[in-house]
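Trainee: Sharing upload.pdb below, PDB, C-alpha atoms:
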MODEL        1
ATOM      1  CA  MET M  13      89.361 -79.765-100.006
ATOM      2  CA  ILE M  14      89.470 -80.724-103.627
ATOM      3  CA  PHE M  15      90.944 -78.379-106.154
ATOM      4  CA  GLY M  16      90.971 -80.703-109.074
ATOM      5  CA  ARG M  17      91.962 -84.178-108.260
ATOM      6  CA  SER M  18      94.785 -85.467-110.300
ATOM      7  CA  GLU M  19      95.049 -88.883-111.723
ATOM      8  CA  ARG M  20      98.063 -90.716-110.534
ATOM      9  CA  GLY M  21     101.170 -89.676-112.358
ATOM     10  CA  LYS M  22      99.720 -86.474-113.728
ATOM     11  CA  PRO M  23     100.870 -83.295-112.047
ATOM     12  CA  PRO M  24      98.017 -81.656-110.104
ATOM     13  CA  VAL M  25      96.527 -78.377-111.301
ATOM     14  CA  GLU M  26      98.113 -75.558-109.342
ATOM     15  CA  PRO M  27      95.415 -72.917-109.158
ATOM     16  CA  VAL M  28      95.750 -69.145-109.076
ATOM     17  CA  THR M  29      94.314 -68.016-105.747
ATOM     18  CA  LEU M  30      92.735 -64.670-104.934
ATOM     19  CA  LYS M  31      91.145 -63.284-101.804
ATOM     20  CA  ILE M  32      88.424 -60.856-100.892
ATOM     21  CA  LEU M  33      88.024 -59.644 -97.319
ATOM     22  CA  VAL M  34      84.747 -59.297 -95.495
ATOM     23  CA  ALA M  35      84.888 -56.708 -92.738
ATOM     24  CA  GLY M  36      82.388 -55.075 -90.422
ATOM     25  CA  GLY M  37      81.332 -54.983 -86.805
ATOM     26  CA  PHE M  38      80.626 -57.930 -84.550
ATOM     27  CA  GLY M  39      77.431 -59.801 -85.450
ATOM     28  CA  VAL M  40      76.855 -57.954 -88.700
ATOM     29  CA  GLY M  41      76.768 -61.177 -90.707
ATOM     30  CA  LYS M  42      80.306 -61.656 -92.031
ATOM     31  CA  THR M  43      80.376 -65.412 -91.571
ATOM     32  CA  THR M  44      76.796 -65.677 -92.853
ATOM     33  CA  LEU M  45      77.853 -63.877 -96.022
ATOM     34  CA  VAL M  46      80.855 -66.146 -96.485
ATOM     35  CA  GLY M  47      78.675 -69.213 -95.891
ATOM     36  CA  ALA M  48      76.072 -68.087 -98.440
ATOM     37  CA  VAL M  49      78.465 -68.514-101.371
ATOM     38  CA  SER M  50      81.219 -70.790-100.123
ATOM     39  CA  GLU M  51      81.360 -74.316-101.499
ATOM     40  CA  ILE M  52      82.620 -75.471 -98.142
ATOM     41  CA  ARG M  53      81.180 -74.807 -94.710
ATOM     42  CA  PRO M  54      83.136 -71.756 -93.497
ATOM     43  CA  LEU M  55      86.356 -72.996 -91.980
ATOM     44  CA  ARG M  56      88.064 -71.461 -89.031
ATOM     45  CA  THR M  57      91.730 -70.824 -88.853
ATOM     46  CA  GLU M  58      93.442 -69.505 -85.776
ATOM     47  CA  GLU M  59      96.553 -67.638 -84.960
ATOM     48  CA  LEU M  60      98.171 -67.676 -81.557
ATOM     49  CA  LEU M  61      99.476 -64.312 -80.545
ATOM     50  CA  THR M  62     101.294 -62.865 -77.674
ATOM     51  CA  GLU M  63      99.973 -59.716 -76.135
ATOM     52  CA  ALA M  64     103.487 -58.497 -75.486
ATOM     53  CA  GLY M  65     104.629 -59.251 -79.008
ATOM     54  CA  ARG M  66     101.896 -57.244 -80.619
ATOM     55  CA  PRO M  67     102.037 -55.703 -83.145
ATOM     56  CA  VAL M  68     105.484 -57.068 -83.883
ATOM     57  CA  ASP M  69     105.264 -60.723 -84.672
ATOM     58  CA  ASP M  70     108.651 -61.684 -83.313
ATOM     59  CA  THR M  71     108.070 -63.382 -79.978
ATOM     60  CA  SER M  72     111.697 -63.900 -78.986
ATOM     61  CA  GLY M  73     112.580 -62.489 -75.617
ATOM     62  CA  VAL M  74     109.039 -62.343 -74.361
ATOM     63  CA  GLU M  75     108.932 -65.545 -72.383
ATOM     64  CA  GLY M  76     106.219 -65.552 -69.786
ATOM     65  CA  LYS M  77     103.967 -64.005 -72.371
ATOM     66  CA  ARG M  78     100.228 -64.275 -72.380
ATOM     67  CA  THR M  79      98.819 -65.691 -75.538
ATOM     68  CA  THR M  80      95.543 -64.964 -77.229
ATOM     69  CA  THR M  81      93.884 -66.582 -80.155
ATOM     70  CA  VAL M  82      92.508 -64.705 -83.100
ATOM     71  CA  ALA M  83      90.048 -66.632 -85.212
ATOM     72  CA  MET M  84      89.229 -65.999 -88.831
ATOM     73  CA  ASP M  85      86.467 -67.677 -90.753
ATOM     74  CA  PHE M  86      86.941 -68.259 -94.416
ATOM     75  CA  GLY M  87      85.247 -69.854 -97.378
ATOM     76  CA  ARG M  88      86.207 -70.944-100.846
ATOM     77  CA  ILE M  89      84.726 -70.610-104.305
ATOM     78  CA  THR M  90      86.314 -72.631-107.087
ATOM     79  CA  LEU M  91      85.598 -70.573-110.173
ATOM     80  CA  ARG M  92      87.571 -72.818-112.462
ATOM     81  CA  GLU M  93      89.865 -75.708-111.887
ATOM     82  CA  ASP M  94      92.751 -73.247-112.013
ATOM     83  CA  LEU M  95      91.116 -70.211-110.380
ATOM     84  CA  VAL M  96      90.044 -70.165-106.750
ATOM     85  CA  LEU M  97      88.597 -67.282-104.768
ATOM     86  CA  TYR M  98      88.847 -67.201-100.972
ATOM     87  CA  LEU M  99      86.673 -65.054 -98.727
ATOM     88  CA  PHE M 100      88.099 -64.096 -95.363
ATOM     89  CA  GLY M 101      86.027 -62.682 -92.545
ATOM     90  CA  THR M 102      88.277 -60.273 -90.683
ATOM     91  CA  PRO M 103      88.474 -60.517 -86.909
ATOM     92  CA  GLY M 104      85.864 -58.149 -85.533
ATOM     93  CA  GLN M 105      87.520 -57.019 -82.329
ATOM     94  CA  GLU M 106      89.338 -53.758 -82.668
ATOM     95  CA  ARG M 107      92.395 -54.915 -80.819
ATOM     96  CA  PHE M 108      93.112 -57.415 -83.571
ATOM     97  CA  TRP M 109      93.462 -54.790 -86.228
ATOM     98  CA  PHE M 110      97.096 -55.592 -86.796
ATOM     99  CA  MET M 111      95.996 -58.957 -88.199
ATOM    100  CA  TRP M 112      94.292 -57.079 -90.966
ATOM    101  CA  ASP M 113      97.580 -55.907 -92.413
ATOM    102  CA  GLU M 114      98.556 -59.451 -93.118
ATOM    103  CA  LEU M 115      95.138 -60.405 -94.389
ATOM    104  CA  SER M 116      94.789 -57.421 -96.644
ATOM    105  CA  GLU M 117      98.166 -57.884 -98.275
ATOM    106  CA  GLY M 118      97.495 -58.895-101.846
ATOM    107  CA  ALA M 119      93.721 -58.839-101.400
ATOM    108  CA  LEU M 120      91.710 -58.100-104.510
ATOM    109  CA  GLY M 121      89.321 -55.939-102.537
ATOM    110  CA  ALA M 122      86.987 -55.879 -99.576
ATOM    111  CA  VAL M 123      83.369 -55.783 -98.547
ATOM    112  CA  VAL M 124      82.469 -53.658 -95.549
ATOM    113  CA  LEU M 125      79.249 -55.068 -94.207
ATOM    114  CA  ALA M 126      77.074 -52.536 -92.409
ATOM    115  CA  ASP M 127      73.998 -52.727 -90.203
ATOM    116  CA  THR M 128      71.907 -49.530 -90.234
ATOM    117  CA  ARG M 129      71.139 -49.973 -86.553
ATOM    118  CA  ARG M 130      74.818 -49.858 -85.672
ATOM    119  CA  LEU M 131      76.390 -47.959 -88.501
ATOM    120  CA  GLU M 132      79.238 -46.711 -86.333
ATOM    121  CA  ASP M 133      80.546 -50.286 -86.051
ATOM    122  CA  CYS M 134      81.885 -50.134 -89.583
ATOM    123  CA  PHE M 135      83.524 -46.696 -89.454
ATOM    124  CA  ALA M 136      86.842 -48.241 -88.502
ATOM    125  CA  ALA M 137      86.800 -50.666 -91.428
ATOM    126  CA  VAL M 138      85.916 -47.939 -93.943
ATOM    127  CA  ASP M 139      88.723 -45.842 -92.582
ATOM    128  CA  TYR M 140      91.192 -48.728 -92.735
ATOM    129  CA  PHE M 141      90.588 -49.573 -96.395
ATOM    130  CA  GLU M 142      90.528 -45.911 -97.433
ATOM    131  CA  ARG M 143      93.907 -45.276 -95.862
ATOM    132  CA  ARG M 144      95.520 -48.282 -97.436
ATOM    133  CA  SER M 145      94.005 -47.705-100.847
ATOM    134  CA  ILE M 146      92.334 -51.095-100.913
ATOM    135  CA  PRO M 147      89.275 -51.068-103.186
ATOM    136  CA  PHE M 148      86.137 -51.756-101.157
ATOM    137  CA  LEU M 149      82.404 -51.428-101.315
ATOM    138  CA  VAL M 150      79.847 -51.099 -98.562
ATOM    139  CA  GLY M 151      77.153 -53.748 -98.374
ATOM    140  CA  VAL M 152      74.244 -52.756 -96.188
ATOM    141  CA  ASN M 153      72.872 -55.956 -94.709
ATOM    142  CA  CYS M 154      69.109 -55.484 -94.627
ATOM    143  CA  PHE M 155      68.103 -57.162 -91.402
ATOM    144  CA  GLU M 156      64.455 -57.970 -90.904
ATOM    145  CA  GLY M 157      62.862 -55.501 -88.565
ATOM    146  CA  ALA M 158      65.526 -52.842 -89.119
ATOM    147  CA  ASP M 159      64.379 -49.551 -90.593
ATOM    148  CA  ARG M 160      65.260 -49.012 -94.246
ATOM    149  CA  TYR M 161      67.074 -45.850 -95.149
ATOM    150  CA  PRO M 162      67.766 -44.361 -98.575
ATOM    151  CA  ALA M 163      71.230 -45.325 -99.827
ATOM    152  CA  GLU M 164      72.173 -41.664-100.060
ATOM    153  CA  ASP M 165      71.519 -41.124 -96.346
ATOM    154  CA  ILE M 166      73.691 -44.089 -95.400
ATOM    155  CA  ARG M 167      76.405 -42.866 -97.724
ATOM    156  CA  GLN M 168      76.362 -39.501 -96.002
ATOM    157  CA  ALA M 169      76.326 -40.999 -92.543
ATOM    158  CA  LEU M 170      79.427 -43.011 -93.443
ATOM    159  CA  ASP M 171      81.015 -40.047 -95.193
ATOM    160  CA  LEU M 172      81.852 -42.242 -98.185
ATOM    161  CA  ASP M 173      83.781 -40.987-101.184
ATOM    162  CA  SER M 174      81.564 -40.729-104.238
ATOM    163  CA  ASP M 175      83.402 -43.511-106.061
ATOM    164  CA  VAL M 176      82.843 -46.110-103.317
ATOM    165  CA  PRO M 177      79.897 -48.313-104.315
ATOM    166  CA  LEU M 178      77.150 -48.908-101.780
ATOM    167  CA  LEU M 179      74.754 -51.811-102.256
ATOM    168  CA  LEU M 180      71.850 -53.127-100.220
ATOM    169  CA  CYS M 181      72.074 -56.855 -99.634
ATOM    170  CA  ASP M 182      70.910 -59.871 -97.711
ATOM    171  CA  ALA M 183      73.933 -61.729 -96.370
ATOM    172  CA  ARG M 184      71.938 -64.985 -96.223
ATOM    173  CA  ASP M 185      71.021 -64.893 -99.880
ATOM    174  CA  ARG M 186      73.412 -66.465-102.358
ATOM    175  CA  GLU M 187      72.342 -64.346-105.332
ATOM    176  CA  SER M 188      72.559 -61.174-103.288
ATOM    177  CA  VAL M 189      76.061 -62.052-102.079
ATOM    178  CA  LYS M 190      77.147 -62.927-105.623
ATOM    179  CA  GLU M 191      76.122 -59.418-106.707
ATOM    180  CA  ILE M 192      78.155 -57.958-103.853
ATOM    181  CA  LEU M 193      81.266 -59.922-104.836
ATOM    182  CA  ILE M 194      80.886 -59.051-108.520
ATOM    183  CA  GLY M 195      80.576 -55.428-107.406
ATOM    184  CA  VAL M 196      83.854 -55.683-105.486
ATOM    185  CA  VAL M 197      85.737 -57.125-108.459
ATOM    186  CA  GLN M 198      84.281 -54.544-110.854
ATOM    187  CA  HIS M 199      85.267 -51.799-108.458
ATOM    188  CA  ALA M 200      88.758 -53.296-108.157
ATOM    189  CA  MET M 201      89.060 -53.255-111.948
ATOM    190  CA  ALA M 202      88.100 -49.585-112.159
ATOM    191  CA  PHE M 203      90.454 -48.864-109.271
ATOM    192  CA  GLN M 204      93.355 -50.590-111.021
ATOM    193  CA  ALA M 205      92.632 -48.804-114.290
ATOM    194  CA  ASP M 206      92.899 -45.502-112.402
ATOM    195  CA  ARG M 207      96.158 -46.537-110.848
ATOM    196  CA  ARG M 208      97.630 -47.591-114.180
ATOM    197  CA  GLU M 209      96.731 -44.205-115.583
ATOM    198  CA  THR M 210      98.383 -42.427-112.697
ATOM    199  CA  VAL M 211     101.511 -44.477-113.184
ATOM    200  CA  THR M 212     101.789 -43.896-116.918
ATOM    201  CA  THR M 213     100.967 -40.186-116.964
TER
ATOM    202  CA  MET I   6     106.135 -79.724 -82.878
ATOM    203  CA  THR I   7     107.931 -76.667 -84.132
ATOM    204  CA  ARG I   8     110.584 -77.063 -81.419
ATOM    205  CA  GLY I   9     109.997 -73.520 -80.254
ATOM    206  CA  ARG I  10     110.466 -71.924 -83.602
ATOM    207  CA  THR I  11     108.142 -69.166 -84.675
ATOM    208  CA  THR I  12     109.656 -68.513 -88.056
ATOM    209  CA  SER I  13     111.226 -70.662 -90.654
ATOM    210  CA  ALA I  14     114.662 -69.647 -91.837
ATOM    211  CA  ALA I  15     114.173 -70.290 -95.507
ATOM    212  CA  GLN I  16     110.632 -69.076 -95.732
ATOM    213  CA  HIS I  17     109.400 -65.651 -96.309
ATOM    214  CA  ARG I  18     106.046 -65.193 -94.604
ATOM    215  CA  LEU I  19     103.639 -67.430 -96.424
ATOM    216  CA  ASP I  20     100.385 -65.875 -97.428
ATOM    217  CA  LEU I  21      97.205 -67.547 -96.213
ATOM    218  CA  ILE I  22      96.243 -68.300 -99.793
ATOM    219  CA  ALA I  23      99.664 -69.508-100.932
ATOM    220  CA  VAL I  24      99.153 -72.982-102.386
ATOM    221  CA  VAL I  25     101.208 -75.914-101.115
ATOM    222  CA  VAL I  26     101.848 -78.636-103.682
ATOM    223  CA  ALA I  27     103.323 -82.053-102.915
ATOM    224  CA  GLU I  28     106.352 -82.965-104.981
ATOM    225  CA  PRO I  29     105.728 -86.002-107.172
ATOM    226  CA  HIS I  30     108.523 -87.960-105.518
ATOM    227  CA  ALA I  31     107.168 -87.276-102.020
ATOM    228  CA  ASP I  32     105.522 -90.624-101.827
ATOM    229  CA  ASP I  33     106.756 -91.859 -98.514
ATOM    230  CA  PRO I  34     107.163 -89.076 -95.939
ATOM    231  CA  GLU I  35     106.448 -91.600 -93.156
ATOM    232  CA  ALA I  36     109.827 -93.161 -93.851
ATOM    233  CA  ASP I  37     111.609 -89.925 -92.975
ATOM    234  CA  SER I  38     112.318 -90.050 -89.249
ATOM    235  CA  THR I  39     113.025 -86.316 -89.048
ATOM    236  CA  LEU I  40     109.391 -85.533 -89.836
ATOM    237  CA  SER I  41     106.679 -85.235 -87.188
ATOM    238  CA  PRO I  42     103.222 -86.758 -87.695
ATOM    239  CA  GLU I  43     101.956 -83.257 -88.505
ATOM    240  CA  HIS I  44     104.530 -82.907 -91.289
ATOM    241  CA  VAL I  45     103.344 -86.227 -92.672
ATOM    242  CA  ASP I  46      99.702 -85.052 -92.458
ATOM    243  CA  ILE I  47     100.503 -81.947 -94.477
ATOM    244  CA  VAL I  48     102.225 -83.938 -97.213
ATOM    245  CA  GLY I  49      99.301 -86.382 -97.232
ATOM    246  CA  LEU I  50      96.694 -83.646 -97.655
ATOM    247  CA  CYS I  51      98.685 -81.900-100.360
ATOM    248  CA  ARG I  52      99.289 -85.117-102.227
ATOM    249  CA  HIS I  53      95.557 -85.545-102.482
ATOM    250  CA  ALA I  54      95.206 -82.054-103.963
ATOM    251  CA  PRO I  55      97.108 -78.777-103.607
ATOM    252  CA  GLN I  56      96.055 -76.924-100.446
ATOM    253  CA  SER I  57      96.164 -73.324 -99.314
ATOM    254  CA  VAL I  58      97.935 -72.460 -96.060
ATOM    255  CA  ALA I  59      94.594 -71.405 -94.543
ATOM    256  CA  GLU I  60      92.980 -74.728 -95.422
ATOM    257  CA  LEU I  61      95.850 -76.725 -93.981
ATOM    258  CA  SER I  62      95.597 -74.732 -90.767
ATOM    259  CA  ALA I  63      91.846 -75.331 -90.516
ATOM    260  CA  GLU I  64      92.019 -78.970 -91.531
ATOM    261  CA  LEU I  65      94.790 -79.879 -89.067
ATOM    262  CA  ASP I  66      93.412 -77.545 -86.409
ATOM    263  CA  LEU I  67      96.796 -75.900 -85.964
ATOM    264  CA  PRO I  68      97.541 -72.179 -85.655
ATOM    265  CA  ILE I  69      98.673 -70.540 -88.876
ATOM    266  CA  GLY I  70     102.076 -69.706 -87.419
ATOM    267  CA  VAL I  71     102.739 -73.368 -86.650
ATOM    268  CA  VAL I  72     101.607 -74.515 -90.078
ATOM    269  CA  ARG I  73     103.916 -71.966 -91.675
ATOM    270  CA  VAL I  74     106.938 -73.330 -89.831
ATOM    271  CA  LEU I  75     106.063 -76.919 -90.726
ATOM    272  CA  ILE I  76     105.586 -76.020 -94.394
ATOM    273  CA  GLY I  77     108.968 -74.292 -94.303
ATOM    274  CA  ASP I  78     110.561 -77.548 -93.113
ATOM    275  CA  LEU I  79     108.861 -79.488 -95.881
ATOM    276  CA  VAL I  80     110.024 -77.021 -98.511
ATOM    277  CA  ASP I  81     113.586 -77.361 -97.182
ATOM    278  CA  SER I  82     113.427 -81.122 -97.382
ATOM    279  CA  GLU I  83     111.785 -80.893-100.815
ATOM    280  CA  PHE I  84     108.614 -82.737 -99.973
ATOM    281  CA  VAL I  85     106.479 -79.810-101.158
ATOM    282  CA  HIS I  86     106.790 -76.557-103.024
ATOM    283  CA  VAL I  87     104.734 -73.422-102.558
ATOM    284  CA  ASN I  88     103.048 -71.301-105.193
ATOM    285  CA  ARG I  89     102.757 -67.789-103.953
ATOM    286  CA  PRO I  90      99.783 -65.660-104.934
ATOM    287  CA  VAL I  91     100.197 -62.477-106.938
ATOM    288  CA  PRO I  92     102.659 -60.253-105.066
ATOM    289  CA  PRO I  93     100.878 -57.350-103.367
ATOM    290  CA  ALA I  94     102.851 -54.721-105.202
ATOM    291  CA  GLU I  95     101.689 -55.989-108.566
ATOM    292  CA  LEU I  96      98.252 -55.501-109.957
ATOM    293  CA  VAL I  97      96.190 -58.542-110.793
ATOM    294  CA  ASP I  98      95.926 -59.104-114.511
ATOM    295  CA  GLU I  99      92.723 -57.628-115.884
ATOM    296  CA  SER I 100      91.848 -60.790-117.763
ATOM    297  CA  ILE I 101      91.912 -62.699-114.466
ATOM    298  CA  LEU I 102      89.528 -60.180-112.935
ATOM    299  CA  ARG I 103      87.180 -60.674-115.880
ATOM    300  CA  ASP I 104      87.384 -64.424-115.388
ATOM    301  CA  VAL I 105      86.481 -63.947-111.723
ATOM    302  CA  ILE I 106      83.431 -61.841-112.610
ATOM    303  CA  ASN I 107      82.284 -64.355-115.219
ATOM    304  CA  GLY I 108      82.915 -67.219-112.846
ATOM    305  CA  LEU I 109      80.837 -65.579-110.113
ATOM    306  CA  ARG I 110      77.989 -64.896-112.530
ATOM    307  CA  ALA I 111      78.001 -68.539-113.596
ATOM    308  CA  LEU I 112      77.774 -69.884-110.021
TER
ENDMDL
END
Kindly transcribe the structure held in the file into structure tokens.
Mentor:
Amino acid sequence: MIFGRSERGKPPVEPVTLKILVAGGFGVGKTTLVGAVSEIRPLRTEELLTEAGRPVDDTSGVEGKRTTTVAMDFGRITLREDLVLYLFGTPGQERFWFMWDELSEGALGAVVLADTRRLEDCFAAVDYFERRSIPFLVGVNCFEGADRYPAEDIRQALDLDSDVPLLLCDARDRESVKEILIGVVQHAMAFQADRRETVTT
Amino acid sequence: MTRGRTTSAAQHRLDLIAVVVAEPHADDPEADSTLSPEHVDIVGLCRHAPQSVAELSAELDLPIGVVRVLIGDLVDSEFVHVNRPVPPAELVDESILRDVINGLRAL
């Protein structure tokens, strides 16, 4: 919880905050990935929602509503006293997709975590980020005991655009996850450079 | 706690990573009888160090929507102010992205 403790009287450092999303199917290792690099144990934040109010957030006039809770796990990496990166695991269940719109607003980019044994679980996430032009990469979590496939085969199975990076990773391994996150930011940079060009020409 | 409110009049939707900062003069929120204990908790946490909306929600074990309303109250009564992250329509400055990459490498 400490961003840079201030001595009494001095104004506290107000950091720039950025976020990267971690998406993928249930049990693919999203929270494990967040935990591998976060300086805090992944925290859980919850949102109460009304079934009737979905996907509109305004709950007025829907008394007698049923409420559900959507949980999101997140972690934090303080890169500098004034620069903090948050990682948000997106809710896995498909019916909570509308939450993603809020989460993805202003996100630097996203990781879609994939398991080769259940590749279809991440189709929806790939599709979501493609449609909204959010830069993302696919991280294939190499589970022990799962068959290894050549990256090109996975790419084809997911029908990925050629500019979307695909990396093999181990969501438990800090160094491996660091590489994934660096990959996301590099991809976001290239993505932004493209957009700037489109705007100016 | 929020007296049935789901949105705060003055507040645009606060991003999860918007940072809440206690105002320097906000030294005694307990003395303000209009504030609930949860309001006081938020000011207390933020006085210690600026906090993101997501962290406040997790720390106080309150739903994000509730925390948003409470923060809105505190902004209105000038106990805290909120630093919003980079607006979604704008691109993040390239030098910041470089700093993020370098920072991750150095971890």
Trainee: Report the residues retrieved by the ChimeraX specification (/M :<8) & /I from the displayed file, expressed as a ChimeraX atom specification.
Mentor: /I:11,20-24,26,29,53-56,59-60,62-63,66-70,88,90-94,96-97,99,102,105-106,108-110,112
Trainee: So how far away is CA of Arg167 in chain M from CA of Leu131 in chain M, in Å?
Mentor: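 Atom-to-atom, CA of Leu131 in chain M and CA of Arg167 in chain M are spaced 10.5 Å apart.
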Trainee: Can you tell me how far CA of Ser50 in chain M sits from CA of Pro177 in chain M, in Å to one decimal?
Mentor: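 If I compute the distance from CA of Ser50 in chain M to CA of Pro177 in chain M, I get 22.9 Å.
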Trainee: Please measure the separation of CA of Phe148 in chain M and CA of Val25 in chain I, giving the value in Å to one decimal.
Mentor: 28.5 Å
Trainee: Compile the contact shell of Thr39 in chain I as a ChimeraX atom specification: residues with an atom at most 10 Å away, counting only C-alpha atoms, same-chain residues fewer than 4 positions apart removed.
Mentor: /I:34-35,44,78,82
Trainee: List as a list of chain:residue names the protein and nucleic acid residues near Gly104 in chain M, meaning an atom at most 10 Å away when only C-alpha atoms are counted, but skip any in the same chain fewer than 3 places from it.
Mentor: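 Here the qualifying residues turn out to be M:Ala35, M:Gly36, M:Gly37, M:Phe38, M:Gly39, M:Val40, M:Lys42, M:Val82, M:Ala83, M:Met84, M:Gly101, M:Arg107, M:Phe108, M:Trp109, M:Asp133, M:Cys134, M:Ala137.
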Trainee: Deliver the residues from the most recent selection as a file, using C-alpha atoms, as a PDB file, in the coordinates of the input.
Mentor:
ATOM      1  CA  ALA M  35      84.888 -56.708 -92.738  1.00  0.00           C
ATOM      2  CA  GLY M  36      82.388 -55.075 -90.422  1.00  0.00           C
ATOM      3  CA  GLY M  37      81.332 -54.983 -86.805  1.00  0.00           C
ATOM      4  CA  PHE M  38      80.626 -57.930 -84.550  1.00  0.00           C
ATOM      5  CA  GLY M  39      77.431 -59.801 -85.450  1.00  0.00           C
ATOM      6  CA  VAL M  40      76.855 -57.954 -88.700  1.00  0.00           C
ATOM      7  CA  LYS M  42      80.306 -61.656 -92.031  1.00  0.00           C
ATOM      8  CA  VAL M  82      92.508 -64.705 -83.100  1.00  0.00           C
ATOM      9  CA  ALA M  83      90.048 -66.632 -85.212  1.00  0.00           C
ATOM     10  CA  MET M  84      89.229 -65.999 -88.831  1.00  0.00           C
ATOM     11  CA  GLY M 101      86.027 -62.682 -92.545  1.00  0.00           C
ATOM     12  CA  ARG M 107      92.395 -54.915 -80.819  1.00  0.00           C
ATOM     13  CA  PHE M 108      93.112 -57.415 -83.571  1.00  0.00           C
ATOM     14  CA  TRP M 109      93.462 -54.790 -86.228  1.00  0.00           C
ATOM     15  CA  ASP M 133      80.546 -50.286 -86.051  1.00  0.00           C
ATOM     16  CA  CYS M 134      81.885 -50.134 -89.583  1.00  0.00           C
ATOM     17  CA  ALA M 137      86.800 -50.666 -91.428  1.00  0.00           C
TER      18      ALA M 137
END
Trainee: Emit as lines of an AutoDock Vina configuration file the padded axis-aligned box for all listed atoms of range 68-77 of chain I, 5 Å per side, with centre and edge lengths in Å to one decimal.
Mentor:
center_x = 103.3
center_y = -73.3
center_z = -90.0
size_x = 21.4
size_y = 17.2
size_z = 18.7
Trainee: Which of these residues is nearest to Cys51 in chain I, using all atoms listed in the file: I:Arg10, I:Val85, I:Leu75, I:Leu65?
Mentor: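 The closest residue to Cys51 in chain I is I:Val85.
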Trainee: Return the single residue from I:Ser57, I:Ala36, I:Ala27, I:Arg18 that is closest to Leu79 in chain I, with distances computed using all atoms listed in the file.
Mentor: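 Among the listed residues, I:Ala27 lies closest to Leu79 in chain I.
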Trainee: Which is closest to Gly77 in chain I among I:Asp98, I:Val58, I:Ala111, I:His30, if we use only C-alpha atoms?
Mentor: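 Comparing I:Asp98, I:Val58, I:Ala111, I:His30 against Gly77 in chain I, the winner is I:Val58.
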Trainee: Given the choices M:Asp206, M:Leu99, M:Asp159, M:Ile192, which gets closest to Ser145 in chain M if the distance is worked out from only C-alpha atoms?
Mentor: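 Distance minimum relative to Ser145 in chain M lands on M:Asp206.
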Trainee: Restore N, CA and C atoms in range 160-173 of chain M and list the result as a CSV table (one decimal), keeping the file's coordinate frame.
Mentor:
chain,number,residue,atom,x,y,z
M,160,ARG,N,64.5,-49.2,-93.0
M,160,ARG,CA,65.3,-49.0,-94.2
M,160,ARG,C,65.5,-47.5,-94.4
M,161,TYR,N,66.7,-47.2,-94.9
M,161,TYR,CA,67.1,-45.8,-95.1
M,161,TYR,C,67.5,-45.7,-96.6
M,162,PRO,N,67.3,-44.5,-97.2
M,162,PRO,CA,67.8,-44.4,-98.6
M,162,PRO,C,69.3,-44.5,-98.6
M,163,ALA,N,69.8,-45.1,-99.7
M,163,ALA,CA,71.2,-45.3,-99.8
M,163,ALA,C,72.0,-44.0,-99.6
M,164,GLU,N,71.5,-42.9,-100.1
M,164,GLU,CA,72.2,-41.7,-100.1
M,164,GLU,C,72.4,-41.2,-98.6
M,165,ASP,N,71.4,-41.5,-97.8
M,165,ASP,CA,71.5,-41.1,-96.3
M,165,ASP,C,72.6,-41.9,-95.7
M,166,ILE,N,72.7,-43.2,-96.0
M,166,ILE,CA,73.7,-44.1,-95.4
M,166,ILE,C,75.1,-43.6,-95.9
M,167,ARG,N,75.1,-43.3,-97.1
M,167,ARG,CA,76.4,-42.9,-97.7
M,167,ARG,C,76.9,-41.6,-97.0
M,168,GLN,N,76.0,-40.7,-96.7
M,168,GLN,CA,76.4,-39.5,-96.0
M,168,GLN,C,76.8,-39.8,-94.6
M,169,ALA,N,76.0,-40.7,-93.9
M,169,ALA,CA,76.3,-41.0,-92.5
M,169,ALA,C,77.7,-41.6,-92.4
M,170,LEU,N,78.1,-42.4,-93.5
M,170,LEU,CA,79.4,-43.0,-93.4
M,170,LEU,C,80.5,-42.1,-94.0
M,171,ASP,N,80.1,-41.0,-94.6
M,171,ASP,CA,81.0,-40.0,-95.2
M,171,ASP,C,81.8,-40.7,-96.3
M,172,LEU,N,81.2,-41.5,-97.1
M,172,LEU,CA,81.9,-42.2,-98.2
M,172,LEU,C,82.2,-41.4,-99.4
M,173,ASP,N,83.4,-41.6,-99.9
M,173,ASP,CA,83.8,-41.0,-101.2
M,173,ASP,C,82.8,-41.4,-102.3
